[in-house]
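Novice: Got final_23.csv for you, CSV, C-alpha atoms:
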```
chain,number,residue,atom,x,y,z
A,1,MET,CA,141.8,65.9,9.6
A,2,ASP,CA,140.7,66.1,6.0
A,3,TYR,CA,141.3,68.8,3.4
A,4,ARG,CA,140.6,68.3,-0.3
A,5,THR,CA,139.4,70.4,-3.2
A,6,VAL,CA,136.4,69.6,-5.3
A,7,PRO,CA,136.4,71.0,-8.8
A,8,SER,CA,133.3,73.0,-9.6
A,9,VAL,CA,132.1,75.6,-12.1
A,10,CYS,CA,131.1,79.2,-11.3
A,11,ILE,CA,127.4,79.7,-11.5
A,12,TYR,CA,127.4,83.4,-12.1
A,13,CYS,CA,127.6,83.8,-15.9
A,14,GLY,CA,127.9,81.8,-19.1
A,15,CYS,CA,131.7,81.8,-19.1
A,16,GLY,CA,131.9,78.8,-16.8
A,17,CYS,CA,135.1,79.5,-15.0
A,18,GLY,CA,136.6,76.6,-13.1
A,19,MET,CA,136.9,76.8,-9.4
A,20,LEU,CA,138.1,74.5,-6.7
A,21,LEU,CA,136.0,74.3,-3.6
A,22,GLU,CA,138.1,73.9,-0.5
A,23,VAL,CA,136.5,71.3,1.7
A,24,LEU,CA,137.8,71.0,5.3
A,25,ASP,CA,136.5,68.1,7.4
A,26,GLY,CA,133.5,67.8,5.1
A,27,LYS,CA,132.6,71.5,5.1
A,28,PRO,CA,133.3,74.1,2.4
A,29,VAL,CA,135.7,76.7,3.8
A,30,GLY,CA,136.9,78.6,0.8
A,31,LEU,CA,137.5,78.4,-2.9
A,32,LEU,CA,140.5,78.7,-5.3
A,33,ALA,CA,140.6,79.7,-8.9
A,34,ASP,CA,141.4,76.5,-10.8
A,35,LYS,CA,144.7,76.9,-12.5
A,36,GLY,CA,144.2,73.7,-14.5
A,37,HIS,CA,140.9,74.9,-16.0
A,38,PRO,CA,141.1,75.9,-19.7
A,39,VAL,CA,138.5,78.7,-19.4
A,40,ASN,CA,140.0,80.9,-16.7
A,41,GLU,CA,143.5,79.4,-16.1
A,42,GLY,CA,143.5,80.4,-12.4
A,43,ARG,CA,141.7,83.7,-12.6
A,44,LEU,CA,138.2,84.7,-11.5
A,45,CYS,CA,136.2,87.9,-11.3
A,46,ILE,CA,134.8,89.6,-8.2
A,47,LYS,CA,131.6,87.4,-8.2
A,48,GLY,CA,133.5,84.2,-8.7
A,49,TRP,CA,135.9,84.9,-5.9
A,50,HIS,CA,133.0,85.5,-3.5
A,51,ALA,CA,130.7,82.7,-4.9
A,52,LEU,CA,131.0,80.6,-1.8
A,53,GLU,CA,129.6,83.3,0.5
A,54,HIS,CA,126.0,82.6,-0.4
A,55,ALA,CA,126.4,78.8,-0.2
A,56,MET,CA,126.9,78.9,3.5
A,57,HIS,CA,124.9,82.0,4.2
A,58,ALA,CA,122.5,81.9,7.1
A,59,GLU,CA,119.7,83.5,5.0
A,60,ARG,CA,120.0,81.0,2.1
A,61,LEU,CA,116.8,79.3,1.3
A,62,THR,CA,117.1,75.5,1.8
A,63,THR,CA,113.5,74.5,1.1
A,64,PRO,CA,110.8,75.7,-1.3
A,65,LEU,CA,108.4,78.2,0.1
A,66,ILE,CA,104.7,78.4,-0.6
A,67,ARG,CA,102.7,81.5,0.1
A,68,GLY,CA,100.1,80.6,2.8
A,69,LYS,CA,96.6,81.8,3.3
A,70,GLY,CA,97.8,84.7,5.4
A,71,GLY,CA,100.1,85.9,2.6
A,72,SER,CA,103.3,84.9,4.3
A,73,PHE,CA,105.7,82.3,2.9
A,74,GLU,CA,105.9,78.9,4.6
A,75,GLU,CA,108.4,76.1,4.2
A,76,ALA,CA,107.2,73.2,2.0
A,77,SER,CA,108.4,69.9,0.6
A,78,TRP,CA,109.6,69.7,-3.0
A,79,ASP,CA,106.7,67.4,-3.8
A,80,ASP,CA,104.1,69.9,-2.5
A,81,ALA,CA,105.8,72.8,-4.3
A,82,LEU,CA,106.1,70.9,-7.6
A,83,ASP,CA,102.5,69.7,-7.4
A,84,LEU,CA,101.4,73.3,-6.9
A,85,VAL,CA,103.4,74.6,-9.8
A,86,ALA,CA,102.3,71.8,-12.1
A,87,GLY,CA,98.7,72.3,-11.1
A,88,ARG,CA,98.7,76.1,-11.7
A,89,LEU,CA,100.5,75.8,-15.0
A,90,SER,CA,98.0,73.2,-16.2
A,91,ALA,CA,95.1,75.4,-15.1
A,92,ILE,CA,96.4,78.5,-16.8
A,93,LYS,CA,97.1,76.6,-20.0
A,94,LYS,CA,93.6,75.1,-19.9
A,95,ASP,CA,91.9,78.5,-19.2
A,96,SER,CA,94.0,80.9,-21.3
A,97,GLY,CA,95.9,78.8,-23.8
A,98,PRO,CA,99.6,77.7,-23.9
A,99,ASP,CA,100.8,81.1,-25.2
A,100,SER,CA,99.8,82.7,-22.0
A,101,LEU,CA,102.8,81.0,-20.5
A,102,ALA,CA,106.5,81.7,-21.0
A,103,VAL,CA,109.8,80.3,-19.9
A,104,LEU,CA,112.9,82.3,-19.0
A,105,THR,CA,116.1,80.3,-19.1
A,106,SER,CA,119.3,81.2,-17.4
A,107,ALA,CA,123.0,81.8,-17.9
A,108,LYS,CA,123.6,80.1,-14.7
A,109,CYS,CA,122.4,76.7,-16.0
A,110,THR,CA,124.4,74.4,-18.2
A,111,ASN,CA,123.6,74.1,-21.9
A,112,GLU,CA,121.9,70.8,-21.2
A,113,GLU,CA,119.6,72.3,-18.5
A,114,ASN,CA,118.7,75.1,-20.9
A,115,TYR,CA,117.9,72.6,-23.6
A,116,VAL,CA,115.6,70.7,-21.2
A,117,LEU,CA,113.8,73.9,-20.3
A,118,MET,CA,113.3,74.8,-23.9
A,119,LYS,CA,112.0,71.3,-24.6
A,120,PHE,CA,109.7,71.6,-21.6
A,121,ALA,CA,108.3,74.9,-23.0
A,122,ARG,CA,107.7,73.6,-26.5
A,123,ALA,CA,106.8,69.9,-25.8
A,124,ALA,CA,105.1,70.1,-22.4
A,125,LEU,CA,103.6,73.6,-22.3
A,126,GLY,CA,103.2,74.0,-26.0
A,127,THR,CA,104.6,77.5,-26.5
A,128,ASN,CA,107.5,79.1,-28.3
A,129,ASN,CA,107.7,81.7,-25.6
A,130,VAL,CA,111.3,80.9,-24.5
A,131,ASP,CA,113.8,83.6,-23.7
A,132,HIS,CA,116.9,84.0,-21.7
A,133,CYS,CA,117.9,86.0,-18.7
A,134,ALA,CA,120.6,87.8,-20.6
A,135,ARG,CA,117.9,89.6,-22.7
A,136,LEU,CA,115.8,90.7,-19.7
B,11,MET,CA,159.1,62.7,-2.0
B,12,LYS,CA,156.3,60.2,-2.0
B,13,GLU,CA,158.3,57.8,0.2
B,14,GLU,CA,159.1,60.6,2.7
B,15,VAL,CA,155.5,61.6,2.9
B,16,ARG,CA,154.4,58.0,3.5
B,17,ARG,CA,157.0,57.7,6.2
B,18,LEU,CA,156.0,61.0,7.9
B,19,LEU,CA,152.4,59.9,7.9
B,20,SER,CA,152.9,56.2,9.0
B,21,GLU,CA,155.3,57.1,11.8
B,22,LYS,CA,152.8,59.8,12.9
B,23,GLU,CA,155.3,62.5,12.7
B,24,VAL,CA,152.6,64.6,11.1
B,25,ALA,CA,148.8,64.4,11.2
B,26,GLY,CA,148.6,65.5,7.6
B,27,PHE,CA,150.8,66.5,4.7
B,28,LEU,CA,149.8,69.4,2.5
B,29,GLY,CA,151.0,69.1,-1.1
B,30,LEU,CA,149.8,68.9,-4.7
B,31,ARG,CA,148.1,66.0,-6.3
B,32,ARG,CA,147.0,65.2,-9.8
B,33,ASP,CA,143.2,64.8,-9.6
B,34,GLU,CA,140.9,62.6,-11.6
B,35,ARG,CA,140.7,65.2,-14.4
B,36,GLY,CA,144.5,65.3,-14.7
B,37,ALA,CA,144.6,68.8,-13.1
B,38,VAL,CA,147.1,69.6,-10.4
B,39,VAL,CA,145.3,70.7,-7.1
B,40,PRO,CA,146.3,71.2,-3.5
B,41,HIS,CA,145.6,68.3,-1.2
B,42,LEU,CA,146.1,67.2,2.4
B,43,PHE,CA,147.5,63.6,2.5
B,44,THR,CA,146.6,61.7,5.6
B,45,LEU,CA,147.3,58.2,7.1
B,46,GLU,CA,143.6,57.3,6.7
B,47,ASN,CA,143.9,57.9,2.9
B,48,ILE,CA,147.5,57.0,2.5
B,49,ASP,CA,146.9,55.4,-0.9
B,50,GLU,CA,146.3,58.9,-2.3
B,51,VAL,CA,150.0,59.7,-1.8
B,52,GLU,CA,150.5,57.8,-5.1
B,53,SER,CA,148.8,60.8,-6.8
B,54,LEU,CA,151.3,63.4,-5.2
B,55,VAL,CA,153.1,65.5,-7.8
B,56,VAL,CA,156.1,67.8,-7.3
B,57,GLU,CA,157.5,69.0,-10.6
B,58,GLU,CA,154.5,71.0,-11.8
B,59,ASP,CA,154.3,74.6,-12.7
B,60,GLN,CA,151.0,75.3,-10.8
B,61,ARG,CA,151.5,77.1,-7.6
B,62,TYR,CA,148.8,77.2,-4.9
B,63,SER,CA,150.2,79.0,-1.8
B,64,PRO,CA,150.2,76.4,0.9
B,65,GLY,CA,150.5,79.1,3.6
B,66,LYS,CA,147.0,80.4,3.0
B,67,ILE,CA,145.6,76.9,3.0
B,68,LEU,CA,147.5,76.0,6.2
B,69,LEU,CA,145.9,78.9,8.0
B,70,LYS,CA,142.5,77.3,7.4
B,71,ILE,CA,143.6,73.8,8.5
B,72,VAL,CA,145.4,75.1,11.6
B,73,ALA,CA,142.4,77.2,12.6
B,74,ALA,CA,140.4,73.9,12.7
B,75,HIS,CA,143.2,71.8,14.2
B,76,PRO,CA,145.3,74.0,16.4
B,77,GLY,CA,148.5,72.4,17.8
B,78,GLU,CA,148.6,69.5,15.4
B,79,LYS,CA,151.8,68.8,13.4
B,80,ILE,CA,151.4,69.3,9.7
B,81,GLY,CA,153.8,68.6,6.9
B,82,VAL,CA,153.9,70.8,3.9
B,83,MET,CA,155.6,70.8,0.5
B,84,ALA,CA,157.1,74.2,0.0
B,85,ARG,CA,159.0,76.0,-2.7
B,86,GLY,CA,161.3,78.9,-1.9
B,87,CYS,CA,158.4,81.4,-2.1
B,88,ASP,CA,156.1,79.1,-0.1
B,89,GLU,CA,158.7,78.8,2.7
B,90,ARG,CA,159.2,82.6,2.9
B,91,ALA,CA,155.5,83.0,3.2
B,92,LEU,CA,155.4,80.5,6.0
B,93,ILE,CA,158.3,82.2,7.8
B,94,GLU,CA,156.6,85.6,7.5
B,95,LEU,CA,153.2,84.1,8.7
B,96,HIS,CA,155.1,82.6,11.7
B,97,LYS,CA,156.6,86.0,12.6
B,98,ARG,CA,153.2,87.5,12.5
B,99,ASN,CA,151.8,84.9,14.9
B,100,GLN,CA,149.5,83.4,12.2
B,101,LEU,CA,151.3,80.0,12.1
B,102,ASN,CA,153.8,78.3,14.4
B,103,LEU,CA,156.8,76.9,12.5
B,104,ASP,CA,157.4,74.4,15.4
B,105,ASP,CA,154.2,72.7,14.3
B,106,ILE,CA,155.2,72.5,10.6
B,107,VAL,CA,157.5,70.0,8.9
B,108,ILE,CA,158.7,71.5,5.6
B,109,LEU,CA,159.8,69.4,2.7
B,110,GLY,CA,161.5,71.9,0.5
B,111,VAL,CA,161.3,71.8,-3.3
B,112,ALA,CA,163.9,73.6,-5.5
B,113,CYS,CA,162.3,75.1,-8.6
B,114,THR,CA,163.6,74.5,-12.1
B,115,ARG,CA,165.4,77.2,-13.9
B,116,ALA,CA,162.4,77.4,-16.3
B,117,LEU,CA,160.0,78.0,-13.4
B,118,ALA,CA,162.4,80.6,-11.8
B,119,GLU,CA,162.4,82.5,-15.1
B,120,LYS,CA,158.6,82.3,-15.5
B,121,CYS,CA,158.2,83.6,-11.9
B,122,ARG,CA,161.1,86.1,-12.2
B,123,CYS,CA,162.3,84.7,-8.9
B,124,PRO,CA,165.7,85.7,-7.4
B,125,LEU,CA,165.6,82.8,-4.9
B,126,PRO,CA,164.0,79.7,-6.4
B,127,PHE,CA,164.8,77.4,-3.6
B,128,PRO,CA,163.9,77.0,0.1
B,129,SER,CA,166.5,76.9,3.0
B,130,LYS,CA,166.6,73.0,3.0
B,131,ILE,CA,166.0,71.0,-0.2
B,132,ALA,CA,164.2,67.7,-0.1
B,133,HIS,CA,163.6,67.5,-3.8
B,134,GLY,CA,165.2,69.0,-6.9
B,135,GLU,CA,168.4,70.7,-7.7
B,136,LYS,CA,169.3,74.2,-6.6
B,137,VAL,CA,169.5,76.6,-9.6
B,138,GLU,CA,170.4,80.3,-9.8
B,139,GLY,CA,167.6,82.7,-9.7
B,140,VAL,CA,166.9,85.7,-11.9
B,141,THR,CA,166.6,89.3,-10.7
B,142,GLY,CA,163.5,89.8,-12.8
B,143,ARG,CA,164.1,93.6,-12.8
B,144,GLU,CA,163.7,94.1,-16.5
B,145,GLU,CA,160.1,95.3,-16.4
B,146,LEU,CA,160.9,97.6,-13.5
B,147,GLU,CA,163.9,99.0,-15.3
B,148,ALA,CA,161.8,99.8,-18.3
B,149,ILE,CA,159.3,101.8,-16.3
B,150,GLU,CA,162.0,103.5,-14.2
B,151,LYS,CA,163.5,104.9,-17.5
B,152,LEU,CA,160.3,106.8,-18.2
B,153,VAL,CA,160.0,110.4,-17.2
B,154,GLU,CA,157.7,111.0,-14.3
B,155,ASP,CA,154.6,112.0,-16.3
B,156,GLU,CA,154.9,109.0,-18.6
B,157,ARG,CA,155.5,106.7,-15.7
B,158,PHE,CA,152.4,108.0,-13.9
B,159,ARG,CA,150.4,107.6,-17.1
B,160,SER,CA,151.6,104.1,-17.5
B,161,TRP,CA,150.5,103.2,-14.0
B,162,MET,CA,147.2,104.9,-14.3
B,163,GLU,CA,146.5,103.1,-17.5
B,164,SER,CA,147.2,99.7,-15.9
B,165,PHE,CA,145.2,100.5,-12.7
B,166,SER,CA,142.2,101.7,-14.8
B,167,LYS,CA,141.7,98.2,-16.0
B,168,CYS,CA,141.1,96.9,-12.5
B,169,LEU,CA,137.9,94.8,-12.2
B,170,LYS,CA,138.1,95.0,-8.4
B,171,CYS,CA,137.9,91.2,-8.3
B,172,GLN,CA,140.2,91.3,-5.3
B,173,GLY,CA,141.9,88.1,-6.7
B,174,CYS,CA,145.2,89.7,-5.7
B,175,ARG,CA,144.0,89.7,-2.1
B,176,SER,CA,142.4,86.3,-2.3
B,177,VAL,CA,145.5,84.5,-3.5
B,178,CYS,CA,148.1,86.5,-1.4
B,179,PRO,CA,149.6,84.2,1.2
B,180,LEU,CA,150.2,87.2,3.4
B,181,CYS,CA,146.7,88.6,3.3
B,182,TYR,CA,145.1,87.1,6.4
B,183,CYS,CA,143.5,90.0,8.2
B,184,PRO,CA,139.9,89.2,9.3
B,185,GLU,CA,138.9,92.8,8.4
B,186,CYS,CA,140.5,94.2,5.3
B,187,GLY,CA,141.2,97.9,4.6
B,188,LEU,CA,140.1,97.3,1.0
B,189,ALA,CA,136.6,96.5,2.2
B,190,GLU,CA,136.6,99.7,4.4
B,191,GLU,CA,134.1,102.2,2.9
B,192,SER,CA,136.1,105.2,4.3
B,193,ILE,CA,139.2,104.1,2.3
B,194,ILE,CA,137.6,102.5,-0.8
B,195,ARG,CA,134.1,103.5,-1.8
B,196,HIS,CA,131.8,100.5,-2.2
B,197,GLY,CA,130.0,99.7,-5.5
B,198,GLU,CA,132.5,101.3,-7.9
B,199,VAL,CA,134.3,99.7,-10.7
B,200,PRO,CA,137.1,100.4,-11.5
B,201,PRO,CA,137.9,101.2,-7.8
B,202,GLU,CA,139.3,104.7,-7.3
B,203,PHE,CA,142.8,104.5,-8.7
B,204,PRO,CA,145.6,104.6,-7.7
B,205,VAL,CA,144.2,104.7,-4.1
B,206,PHE,CA,143.0,101.1,-4.2
B,207,HIS,CA,146.3,99.7,-5.5
B,208,LEU,CA,148.5,101.8,-3.4
B,209,ALA,CA,146.6,101.0,-0.2
B,210,ARG,CA,147.1,97.4,-1.0
B,211,ALA,CA,150.8,97.9,-1.8
B,212,LEU,CA,151.5,99.8,1.4
B,213,CYS,CA,149.6,97.3,3.5
B,214,LEU,CA,152.0,94.7,2.2
B,215,ALA,CA,155.2,96.6,2.7
B,216,GLY,CA,157.4,94.5,4.9
B,217,ARG,CA,155.1,91.5,4.4
B,218,CYS,CA,155.2,90.9,0.6
B,219,ILE,CA,157.6,88.1,-0.2
B,220,ASP,CA,157.3,88.9,-4.0
B,221,CYS,CA,155.9,85.5,-4.9
B,222,GLY,CA,153.9,87.0,-7.8
B,223,ALA,CA,150.7,85.1,-7.0
B,224,CYS,CA,148.8,88.4,-7.2
B,225,GLU,CA,150.0,89.1,-10.8
B,226,GLU,CA,149.3,85.5,-11.8
B,227,ALA,CA,145.7,85.9,-10.6
B,228,CYS,CA,145.0,89.3,-12.1
B,229,PRO,CA,142.4,89.0,-14.9
B,230,ALA,CA,143.3,92.5,-16.1
B,231,ASP,CA,147.1,91.8,-16.4
B,232,ILE,CA,148.0,94.7,-14.1
B,233,PRO,CA,151.8,94.4,-13.6
B,234,LEU,CA,151.7,94.1,-9.8
B,235,ARG,CA,155.1,92.6,-9.6
B,236,LYS,CA,156.6,95.9,-10.6
B,237,LEU,CA,155.1,97.4,-7.4
B,238,SER,CA,156.0,94.5,-5.1
B,239,LYS,CA,159.6,94.2,-6.4
B,240,ARG,CA,160.2,97.9,-5.9
B,241,MET,CA,158.6,97.8,-2.5
B,242,GLN,CA,160.9,95.0,-1.4
B,243,GLU,CA,163.9,97.0,-2.6
B,244,ILE,CA,162.8,100.0,-0.6
B,245,MET,CA,162.4,97.8,2.5
B,246,LYS,CA,165.9,96.5,2.0
B,247,GLU,CA,167.4,100.0,1.3
B,248,LEU,CA,165.7,101.7,4.2
B,249,PHE,CA,165.5,99.0,6.9
B,250,ASP,CA,167.8,96.3,5.6
B,251,TYR,CA,164.8,94.0,5.9
B,252,VAL,CA,163.7,91.2,3.5
B,253,PRO,CA,160.4,89.7,4.4
B,254,GLY,CA,160.4,85.9,4.9
B,255,MET,CA,164.1,85.4,5.0
B,256,SER,CA,164.6,84.5,8.6
B,257,PRO,CA,162.2,83.7,11.5
B,258,ASP,CA,164.5,85.6,13.9
B,259,ASP,CA,164.8,89.2,12.6
B,260,ASN,CA,162.1,91.6,13.6
B,261,ASN,CA,159.9,93.3,11.1
B,262,PRO,CA,160.7,97.0,11.2
B,263,LEU,CA,157.1,98.0,10.6
B,264,SER,CA,155.6,95.8,13.3
B,265,PHE,CA,154.6,97.6,16.4
B,266,THR,CA,155.5,95.3,19.2
B,267,GLY,CA,154.0,97.2,22.1
B,268,ASP,CA,157.1,96.8,24.2
B,269,ALA,CA,158.0,99.4,26.9
B,270,GLU,CA,160.7,101.0,24.7
B,271,ALA,CA,158.3,101.4,21.7
B,272,LEU,CA,155.5,102.8,23.8
B,273,LYS,CA,157.9,105.3,25.3
B,274,ARG,CA,159.0,106.4,21.9
B,275,LEU,CA,155.4,106.7,20.7
B,276,GLY,CA,154.6,108.7,23.9
B,277,GLY,CA,157.4,111.1,23.0
B,278,VAL,CA,156.1,111.5,19.5
B,279,ILE,CA,152.6,112.2,20.6
B,280,ALA,CA,153.8,114.7,23.2
B,281,ALA,CA,155.9,116.5,20.6
B,282,MET,CA,152.9,116.7,18.3
B,283,LYS,CA,150.7,118.1,21.0
B,284,GLU,CA,153.4,120.8,21.8
B,285,GLU,CA,153.4,121.8,18.1
B,286,GLY,CA,149.6,122.0,18.3
```
Reformat the file's structure so that it appears as structure tokens.

Specialist:
Amino acid sequence: MDYRTVPSVCIYCGCGCGMLLEVLDGKPVGLLADKGHPVNEGRLCIKGWHALEHAMHAERLTTPLIRGKGGSFEEASWDDALDLVAGRLSAIKKDSGPDSLAVLTSAKCTNEENYVLMKFARAALGTNNVDHCARL
Amino acid sequence: MKEEVRRLLSEKEVAGFLGLRRDERGAVVPHLFTLENIDEVESLVVEEDQRYSPGKILLKIVAAHPGEKIGVMARGCDERALIELHKRNQLNLDDIVILGVACTRALAEKCRCPLPFPSKIAHGEKVEGVTGREELEAIEKLVEDERFRSWMESFSKCLKCQGCRSVCPLCYCPECGLAEESIIRHGEVPPEFPVFHLARALCLAGRCIDCGACEEACPADIPLRKLSKRMQEIMKELFDYVPGMSPDDNNPLSFTGDAEALKRLGGVIAAMKEEG
């Protein structure tokens, strides 16, 4: 018998509300609004309160998918998926120039992750085409 | 309290003890203390303002471990929730060992609590509660139009987060009326008011123990305690019933299905048919 809470941060928007994931015998069974978190002080919005539903959802993707020859998606390893993406990005950059590529960052990432993505766009891809999902 | 919890666990009187602990960040969080992790009892805290309804958490633990004895740290409101859940066959008090905590006067005032202590106190000193009717009196003084406007203004701020439902220790139904399309239309914010709020209030009549967890969780500052306090008063006036006070008295709004109740219901239906 083991029940504990794991502090986490809501992934839905840039506010970063604190939530406590309730873990029972190693499995997430619910979440609580973190009363000790300075951002939300024990309150959440509708998306936050239901944020756990997708985590354990039967239809959640748990591996990358690559479109096969027949046009349907097939499960793939991370190595294969990243090799494919890196190869295609390099090919597009070579054929059409770096400004034919763009990067869209996300409110669901941390500041640090967004910084890394910006750096990747400018330093690795060589383009200033960086924008944010909130301006879609 | 820590000593008593260690004793309960090491003498195997309970398989786990649900209380609060100070976590690595310094925040107070609910936690199940067990014999396997008995060192964690050192981080148990009692005199903190943060309330996380243990009843709601216990429902999850009991569902996975039916029949096991579990200890729980409970304030007055927590105990009343446990009693009401027991009466509604959601928990069995025989399987629960309650260590009661009396709240401080400051917390009683903050929670506007008339009964800031459980039936047996293992920690703290019993202090007088407060009626907490001031807000209710203020709105009762308004003429009907103004009172209605005041409620509608509050309800119109609703984000439909359903936090009130998520934190309520007495909201346990697997299927909730608030998610029922025929009562509350899906995909609308704010939800149709006052239907949404009154549907919730009526559902909790005879259940609500007026702990105030809903109002604490409301991001739109809707004064839900005004509703719950008045509803408790009505239950007391009409049925002489206060939810959560005793495991023995029957809830007047529960339909028990006994022969007498069925006979009465049959009579009501027959009379309705006669009237067409």

Novice: Go through A:Gly42, A:Gly48, A:Pro7, A:Gly14 one by one, measure the shortest atom-to-atom distance of each to His132 in chain A using all atoms listed in the file, and give the residue with the smallest value.

Specialist: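 Among the listed residues, A:Gly14 lies closest to His132 in chain A.
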
Novice: Residues of chain A that have any atom at most 8 Å from an atom of chain B: could you tabulate them with the shortest-distance atom pair and the distance in Å to one decimal, using all atoms listed in the file, ordered by chain and increasing number, as CSV?

Specialist:
```
residue,atom,partner,partner_atom,distance
A:Met1,CA,B:Gly26,CA,7.1
A:Asp2,CA,B:Leu42,CA,6.6
A:Tyr3,CA,B:Leu42,CA,5.2
A:Arg4,CA,B:His41,CA,5.1
A:Thr5,CA,B:His41,CA,6.8
A:Leu24,CA,B:Ile71,CA,7.2
A:Val29,CA,B:Lys70,CA,7.7
A:Leu32,CA,B:Val177,CA,7.9
A:Asp34,CA,B:Val39,CA,7.9
A:Lys35,CA,B:Gln60,CA,6.7
A:Gly36,CA,B:Ala37,CA,5.1
A:His37,CA,B:Ala37,CA,7.7
A:Gly42,CA,B:Ala227,CA,6.2
A:Arg43,CA,B:Ala227,CA,5.0
A:Leu44,CA,B:Pro229,CA,6.9
A:Cys45,CA,B:Cys171,CA,4.8
A:Ile46,CA,B:Cys171,CA,3.5
A:Lys47,CA,B:Cys171,CA,7.4
A:Trp49,CA,B:Gly173,CA,6.8
```

Novice: Using all atoms listed in the file, which residues sit within 10 Å of Asp99 in chain A once same-chain residues fewer than 6 positions away are excluded, as a list in words?

Specialist: Ile92, Lys93, Ala121, Leu125, Gly126, Thr127, Asn128 and Asn129 of chain A

Novice: For a quick check of your reading of the model, name the residues lying within 12 Å of the coordinate (150.0, 93.2, -12.6), counting all atoms listed in the file, and write them as number ranges by chain.

Specialist: B: 145-146, 161, 163-168, 173-174, 207, 211, 222-239

Novice: Grab the CA of Leu263 in chain B to CA of Tyr251 in chain B distance for me, in Å with one decimal place.

Specialist: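 Pair CA of Leu263 in chain B / CA of Tyr251 in chain B returns 9.9 Å.
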
Novice: Between A:Ala102, A:Ala86, A:Ala134, A:Leu52, which is the closest to Leu117 in chain A once you count all atoms listed in the file?

Specialist: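 Residue with the minimum atom-to-atom distance to Leu117 in chain A: A:Ala102.
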
Novice: So which one's closest to Cys123 in chain B, B:Met162, B:Ala215, B:Met83, B:Cys221? Using only C-alpha atoms, please.

Specialist: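 Using only C-alpha atoms, the shortest distance to Cys123 in chain B belongs to B:Cys221.
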
Novice: Mind listing whatever residues come within 10 Å of the point (154.6, 60.3, 8.6)? Use only C-alpha atoms, file coordinates, and give them as a count of residues only.

Specialist: 21

Novice: So what do you get for CA of Asn40 in chain A versus CA of Gly18 in chain A, distance-wise?

Specialist: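 So the two atoms, CA of Asn40 in chain A and CA of Gly18 in chain A, lie 6.6 Å apart.
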
Novice: CA of Pro204 in chain B and CA of Cys186 in chain B are how many Å apart?

Specialist: 17.4 Å

Novice: Compile the contact shell of range 128-135 of chain B as a list in words: residues with an atom at most 7 Å away, counting all atoms listed in the file, same-chain residues fewer than 4 positions apart removed.

Specialist: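 In the requested form, the answer reads Met11, Arg85, Gly86, Glu89, Leu109, Gly110, Val111, Ala112 and Cys113 of chain B.
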
Novice: Tell me which protein, DNA and RNA residues are within 10 Å of Arg98 in chain B, counting all atoms listed in the file, leaving out same-chain ones fewer than 6 positions away, and put them as number ranges by chain.

Specialist: B: 92, 180, 217, 257, 260-261, 264

Novice: I'd like the contact shell of Met56 in chain A - 12 Å cut-off, all atoms listed in the file, skipping same-chain residues fewer than 6 positions apart - returned as an mmCIF file with C-alpha atoms, in the frame of the given file.

Specialist:
```cif
data_model
loop_
_atom_site.group_PDB
_atom_site.id
_atom_site.type_symbol
_atom_site.label_atom_id
_atom_site.label_comp_id
_atom_site.auth_asym_id
_atom_site.auth_seq_id
_atom_site.Cartn_x
_atom_site.Cartn_y
_atom_site.Cartn_z
ATOM 1 C CA LYS A 27 132.600 71.500 5.100
ATOM 2 C CA PRO A 28 133.300 74.100 2.400
ATOM 3 C CA VAL A 29 135.700 76.700 3.800
ATOM 4 C CA GLY A 30 136.900 78.600 0.800
ATOM 5 C CA HIS A 50 133.000 85.500 -3.500
ATOM 6 C CA THR A 62 117.100 75.500 1.800
#
```
